[in-house]
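To start, the structure under review is shown below, and the notes come after it.
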Amino acid sequence: MSSQAKTSSKETLLNAAVLHWMHDLAAQGIVTTDSELNVVEWNHWMEEHTGKRTSEVIGANLLDLFPELTQRRLDRHYKWALEGQVRVLSQALHGYLIAMPPVSGDHGYAQMQQAVRISPLTHDDRVIGTLTIIEEVTERVAREAELQAQLEDRSRLLSNEKLARNEAERANRLKDEFLATISHELRNPLNAILGWAHMMRLGTLTPANMERAVDTIYRNAKSQSQLVADLLDVSRIISGKLRLDVRTVDLLYIVNAAVDSIRPAADAKSIRLQTMLDPAAGPISGDADRLQQIVWNLLTNAVKFTPKGGRIQVKVHRVDSHVEIVVSDSGVGISKEFLPYVFDRFRQADASTTRIHGGLGLGLSIVHQLVDLHGGTVAVRSEGEGQGATFTISLPFVGVTSTQPEIERVHPTQSDEVITFDGLPSLQGLKVLVVDDEADTRELIREVLKECGSEVITCASVAEALVALEEHKPDVLISDLGMPEEDGYALIAKIRELPRERGGEIPAAALTAYARAEDRMRVLRSGFQFHLPKPVDSAELVTVVASLAGRAYKT
Amino acid sequence: MKLTERQSDALSELINIAFARTGAALSDLTGHRVVLNPPAVAVYRAKELRGALAKFVPGDVASIHQVFAGPIAGDALLLLNYEGAVHLTDLLTDGHKPSPYLDESAREVLTEVGNILLNACLGMFGNLLNVHVTFSVPRLHLETLEELIASTTSDKTELHYALVVYTAFQIRDSSVKGFLVIVLSVDSLDRLIQEVDAWEAQQSQ
């Protein structure tokens, strides 16, 4: 055999091997056609993925086999290939050439995603056919999309981080400004105090000036003490150490007390202070001192920002399951820009306002936090600068349940009066068992409850009380905690062990002089539903009894 | 070698026909109106190419490269700077892949776009010269301009010229600038210019 023949036969063998590889082993789809687009080669990969056997397709026209090629105007690529062009079909612009199910798992594609090359096959400068190579890219495309999403997440995280950093920097700046304000605000009264004190020490003041000195010192010391109290509150709120002493409280009484305390300041500026209090608004559950602080802060603010001859209105009324306290004024108002930041700590409208009006700008922030702690909301509304402002506080109402005769709803009327005994719920038909070792307290409670129409059984000891419980079947129990021999805790423990029909579930309130939060917790854990502080407030007592009668004790 | 003004105009006009076809093909494919700005044509010696393009592609260049062979032979390339390549992909895929880098799918889209453009231009030259040219499968490369120029197939001993066609893809209020570069031997370029002259003479008759 000549060496040329040898080479040639080796080439033939190699070509055959390449064809074999293309047909049986290639991990791509390989299709060849003649110049009429009749299929010449259809490799194993194509068989496997299209379900069309090589024997079925050989000799058939590709465009007849897959009419969708013409429908999707992909036949053009074959036309161009027959003209000698190599064509690229990208997945992103075409998706796929020939529809087949995706192989590699579920990536959300109905069709296998493909990258395709269609090339002319030439011989002696003449195109004699086409070669199509199809590669599956479904998984790659899905992976790219995932990567893309991750990149987007990361860039979002980065921008969030940037936001957080800006926020932190802003907070820092506000704190710096706040420190500057605080030094200023604390120094101002101090200057007056020191100045006048110094003159008093010199002993040169006339009696009239002496009086003025004492007044000024007193006033400034008071204002400074208020600043310190506010600061302490804020610090307690920040550190989460502020605890509410929650009881059933008479909101109208609280609002009236706050109004009374602010009235001199309002009078001094000739500001008209109107109240519209709906007697049906109470009671609510909350910390009396803190609620008063809330109202007082709003009122102080209103007086501070309302010019001479202005008007402030305080309204308390019930809205569904809430009680609303509305404080509106005809003052300087709040600009739209500042409105969202009114309750921010360390935030004050602007430097000039701060300078005119002074203060630390903590009042409203404290209001917001305290209202939050009460499970309520506070909102502010202002039509803009010079248009006045309205603050609305909404607190959850502690209902006197429907088994009780409902308090007649009174339309809010203009009134400065403290709520009267008449506004209290009737206790008609109720039997109340009162246990206290002190005769005076027993009698006081008996009188108050009788006044409201209830029948009262009094006992001086736990033993007596247990007998009375079975004998009289009372609706409500009011018991003192501190008693000789057995105390109120022992009584409630024994009662709660009794079956329901023997009074085991009687609603109960404890009377105690200890008003600390820990004591209240112990009272409630031991089986009482309410805690009434001594000295007993008549209105509170009646309200609590009415409220208790409406619900049975459930374990 | 310098083109006369008439040659340059005639060549621009011919390439513009190819560009119009490319624009039509891309519009058809993407559903958005794609227009390729009228080309500006210049001829450089291959070794001047770097200097001519350096300003446009200071960093990495994305090139879609097809080698063609036959009576005229050389390298045809579509050049885009990296940002342009990313932007063009975004525009053509409707921003489905707004990615700061070119992933495999984006590269494939660019390859297809380059392929369409190069086919249109070289096909037009083939028709003009009435010769049959065969193409390699297009490849996309990301490399520096130096690396790119070094990768063209032209025989380094022979004098080569580069036909540099400046254009810009206009898609959806955006514009992506690019260069079509055809590197030819002196012979091939001579032949091309003769045919262009003939075509121009025929047109003006």
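By convention here, the chains of the structure tokens are called A, B, ... in the order presented, each chain's residues are numbered starting at 1, and ligands are numbered starting at 1 in the order presented.
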For this session: May I have the residues within 7 Å of Phe135 in chain B as a ChimeraX atom specification, using only C-alpha atoms and disregarding those fewer than 2 positions away in the same chain?
Result: /A:85-86 /B:66-69,133,137
Mind writing the picked residues with N, CA and C atoms as a PDB file, in the first residue's frame?
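Everything below was put into out.pdb:
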```
ATOM      1  N   GLN A  85     -24.101  32.033   4.871  1.00  0.00           N
ATOM      2  CA  GLN A  85     -23.866  32.710   6.152  1.00  0.00           C
ATOM      3  C   GLN A  85     -23.908  31.746   7.333  1.00  0.00           C
ATOM      4  N   VAL A  86     -23.055  32.051   8.311  1.00  0.00           N
ATOM      5  CA  VAL A  86     -23.136  31.331   9.583  1.00  0.00           C
ATOM      6  C   VAL A  86     -24.124  32.117  10.443  1.00  0.00           C
TER       7      VAL A  86
ATOM      8  N   GLN B  66     -15.315  37.564  13.221  1.00  0.00           N
ATOM      9  CA  GLN B  66     -15.534  36.489  12.255  1.00  0.00           C
ATOM     10  C   GLN B  66     -14.417  36.552  11.222  1.00  0.00           C
ATOM     11  N   VAL B  67     -13.814  35.423  10.990  1.00  0.00           N
ATOM     12  CA  VAL B  67     -12.781  35.341   9.960  1.00  0.00           C
ATOM     13  C   VAL B  67     -13.488  34.970   8.663  1.00  0.00           C
ATOM     14  N   PHE B  68     -13.108  35.614   7.583  1.00  0.00           N
ATOM     15  CA  PHE B  68     -13.703  35.213   6.309  1.00  0.00           C
ATOM     16  C   PHE B  68     -12.586  34.844   5.333  1.00  0.00           C
ATOM     17  N   ALA B  69     -12.912  33.927   4.453  1.00  0.00           N
ATOM     18  CA  ALA B  69     -11.894  33.412   3.527  1.00  0.00           C
ATOM     19  C   ALA B  69     -12.512  33.266   2.149  1.00  0.00           C
ATOM     20  N   VAL B 133     -17.603  34.099  -0.291  1.00  0.00           N
ATOM     21  CA  VAL B 133     -16.733  34.165   0.879  1.00  0.00           C
ATOM     22  C   VAL B 133     -17.273  33.194   1.924  1.00  0.00           C
ATOM     23  N   VAL B 137     -17.338  30.618  12.405  1.00  0.00           N
ATOM     24  CA  VAL B 137     -18.395  30.860  13.390  1.00  0.00           C
ATOM     25  C   VAL B 137     -17.970  32.086  14.209  1.00  0.00           C
TER      26      VAL B 137
END
```
Give me, as a tab-separated table, the closest atom pair and its distance (Å, one decimal) for every residue of chain A within a cut-off of 8 Å of chain B, counting only C-alpha atoms, rows sorted by chain and rising number.
```
residue	atom	partner	partner_atom	distance
A:Gly84	CA	B:Thr134	CA	6.5
A:Gln85	CA	B:Asn119	CA	6.5
A:Val86	CA	B:Val137	CA	6.1
A:Arg87	CA	B:Asn115	CA	6.8
A:Val88	CA	B:Glu112	CA	5.1
A:Leu89	CA	B:Glu112	CA	6.2
A:Ser90	CA	B:Glu108	CA	5.4
A:Gln91	CA	B:Ser105	CA	6.9
A:Ala92	CA	B:Ser105	CA	6.3
A:Leu93	CA	B:Thr93	CA	6.8
A:Ala115	CA	B:Glu108	CA	7.9
A:Arg117	CA	B:Val137	CA	7.9
A:Ser119	CA	B:Val137	CA	7.7
A:Asp125	CA	B:His132	CA	6.7
A:Val141	CA	B:Ser105	CA	6.9
A:Glu144	CA	B:Asp103	CA	7.1
A:Gln148	CA	B:Ser99	CA	6.9
```
For this session: Quick one: everything within 9 Å of range 36-51 of chain B, counting only C-alpha atoms, minus sequence neighbours fewer than 5 positions away in the same chain. Send it as an MDAnalysis selection string.
Result: chainID B and resid 1:3 8:9 11:13 15:16 19:20 22:23 145:146 149 159:171 183:184
Problem set entry | Phe391 in chain A environment, 6 Å, only C-alpha atoms, sequence neighbours closer than 2 positions dropped, as a ChimeraX atom specification | /A:326-327,379-380
Would you save the residues of that selection, restricted to N, CA and C atoms, as a PDB file, in the first residue's frame?
```
ATOM      1  N   VAL A 326     -58.577  65.138  72.550  1.00  0.00           N
ATOM      2  CA  VAL A 326     -58.174  66.012  71.453  1.00  0.00           C
ATOM      3  C   VAL A 326     -57.796  67.375  72.012  1.00  0.00           C
ATOM      4  N   VAL A 327     -56.549  67.776  71.748  1.00  0.00           N
ATOM      5  CA  VAL A 327     -56.106  69.095  72.181  1.00  0.00           C
ATOM      6  C   VAL A 327     -55.803  69.905  70.929  1.00  0.00           C
ATOM      7  N   ALA A 379     -51.808  61.253  67.203  1.00  0.00           N
ATOM      8  CA  ALA A 379     -51.682  61.771  65.844  1.00  0.00           C
ATOM      9  C   ALA A 379     -51.694  63.291  65.914  1.00  0.00           C
ATOM     10  N   VAL A 380     -51.066  63.898  64.908  1.00  0.00           N
ATOM     11  CA  VAL A 380     -51.036  65.348  64.875  1.00  0.00           C
ATOM     12  C   VAL A 380     -51.540  65.822  63.520  1.00  0.00           C
TER      13      VAL A 380
END
```
Which residues, written as an mmCIF file with N, CA and C atoms, in the first residue's frame, have at least one atom at most 12 Å from range 67-69 of chain A, with only C-alpha atoms counted and residues fewer than 2 positions away on the same chain left out?
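Writing the result to result-v1.cif gives the following:
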```cif
data_model
loop_
_atom_site.group_PDB
_atom_site.id
_atom_site.type_symbol
_atom_site.label_atom_id
_atom_site.label_comp_id
_atom_site.auth_asym_id
_atom_site.auth_seq_id
_atom_site.Cartn_x
_atom_site.Cartn_y
_atom_site.Cartn_z
ATOM 1 N N ASN A 61 -38.005 16.508 5.102
ATOM 2 C CA ASN A 61 -37.628 17.919 5.080
ATOM 3 C C ASN A 61 -37.760 18.518 6.482
ATOM 4 N N LEU A 62 -36.727 19.240 6.896
ATOM 5 C CA LEU A 62 -36.690 19.772 8.260
ATOM 6 C C LEU A 62 -37.871 20.701 8.542
ATOM 7 N N LEU A 63 -38.217 21.514 7.544
ATOM 8 C CA LEU A 63 -39.302 22.483 7.755
ATOM 9 C C LEU A 63 -40.668 21.791 7.774
ATOM 10 N N ASP A 64 -40.759 20.600 7.127
ATOM 11 C CA ASP A 64 -42.003 19.821 7.211
ATOM 12 C C ASP A 64 -42.097 19.140 8.564
ATOM 13 N N LEU A 65 -40.942 18.650 9.023
ATOM 14 C CA LEU A 65 -40.917 17.968 10.319
ATOM 15 C C LEU A 65 -41.287 18.940 11.442
ATOM 16 N N GLN A 71 -43.406 28.983 11.207
ATOM 17 C CA GLN A 71 -44.316 29.875 11.934
ATOM 18 C C GLN A 71 -43.547 30.915 12.737
ATOM 19 N N ARG A 72 -42.451 30.503 13.329
ATOM 20 C CA ARG A 72 -41.661 31.437 14.155
ATOM 21 C C ARG A 72 -40.609 32.169 13.325
ATOM 22 N N ARG A 73 -40.692 32.049 12.026
ATOM 23 C CA ARG A 73 -39.820 32.736 11.063
ATOM 24 C C ARG A 73 -38.348 32.437 11.301
ATOM 25 N N LEU A 74 -38.098 31.199 11.740
ATOM 26 C CA LEU A 74 -36.707 30.796 11.934
ATOM 27 C C LEU A 74 -36.165 30.123 10.672
ATOM 28 N N ASP A 75 -37.094 29.811 9.731
ATOM 29 C CA ASP A 75 -36.652 29.200 8.467
ATOM 30 C C ASP A 75 -35.691 30.112 7.709
ATOM 31 N N ARG A 76 -35.819 31.444 8.011
ATOM 32 C CA ARG A 76 -34.930 32.402 7.339
ATOM 33 C C ARG A 76 -33.463 32.084 7.580
ATOM 34 N N HIS A 77 -33.195 31.606 8.793
ATOM 35 C CA HIS A 77 -31.793 31.327 9.127
ATOM 36 C C HIS A 77 -31.232 30.216 8.247
ATOM 37 N N TYR A 78 -32.120 29.268 7.911
ATOM 38 C CA TYR A 78 -31.668 28.195 7.003
ATOM 39 C C TYR A 78 -31.445 28.741 5.601
ATOM 40 N N LYS A 79 -32.332 29.664 5.203
ATOM 41 C CA LYS A 79 -32.167 30.289 3.887
ATOM 42 C C LYS A 79 -30.808 30.996 3.809
ATOM 43 N N HIS A 94 -34.150 34.316 21.241
ATOM 44 C CA HIS A 94 -35.021 33.334 20.576
ATOM 45 C C HIS A 94 -35.604 32.285 21.517
ATOM 46 N N TYR A 96 -35.463 29.179 21.933
ATOM 47 C CA TYR A 96 -35.077 27.846 21.453
ATOM 48 C C TYR A 96 -35.341 27.755 19.960
ATOM 49 N N LEU A 97 -34.720 26.747 19.342
ATOM 50 C CA LEU A 97 -34.950 26.513 17.909
ATOM 51 C C LEU A 97 -36.048 25.473 17.738
ATOM 52 N N ILE A 98 -35.814 24.310 18.309
ATOM 53 C CA ILE A 98 -36.787 23.222 18.192
ATOM 54 C C ILE A 98 -37.305 22.906 19.597
ATOM 55 N N ALA A 99 -38.630 22.870 19.742
ATOM 56 C CA ALA A 99 -39.225 22.656 21.059
ATOM 57 C C ALA A 99 -38.916 21.267 21.585
#
```
For this session: For CA of Asp320 in chain A and CA of Thr275 in chain A, determine how far apart the two atoms are, in Å to one decimal place.
Result: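 Value for the CA of Asp320 in chain A-CA of Thr275 in chain A distance: 20.8 Å.
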